[in-house]
Amino acid sequence: MAEAKQQKKEEEARRKAAELERKEQEKREKLEAKAREKEAAAAKKEAEKEAKRVAKEKKEQAKTAAKQPKSKIDMDAVAERLRQSASAALERDRGDAAQRWLSSPPSTRYTAVQQSQVALPGYLHFERGDMIIITDAEDPDVFEGTCVRSGKSGKILSSFVRLAPPS
């Protein structure tokens, strides 16, 4: 009987210890939840402050922009600048094309005697007078080459080009 009383006391002590542990766990969880709530509230408050600051900056920028005089765009000047830019690019491209032409072997330099009228896939489109560098002339009727002006490559009917005179 004494043994049963002893077991009962131990069981009661274990139950009380478990109850205390459970209550402490609940307290820790409540404290952690409060800490998370505080962090969330602080983050929200910080985000609101940042949003207000950004809105204030935008408002100030709008005021500054409103104070600056409106500039008029001279369309003629813009068009002239575009023309000059296009002319410079064209001259640069012509120089590059001439360099490619001169760097190719003379036996591969051809000139277009008429505009290509073949609209088939793989065939090269070129204008009369274009410089063409032939890369494959095994077939006497159809060459493979590159138009120096456009930089594009493809098949060329041999009747549309002739060997350029040596320069």
# chains A, B, ... in the order shown; residues from 1 in each chain; ligands from 1
>>> residues_around(residues="stretch 125-138 of chain A", least_positions_apart="5", cutoff="12 Å", atoms="only C-alpha atoms", output="number ranges by chain")
A: 94, 97-120, 143-158, 160-165
>>> select_by_dssp(residues="stretch 9-161 of chain A", states="strand (DSSP E)", output="PyMOL selection string")
chain A and resi 109-112+131-136+142-147+153-157+161
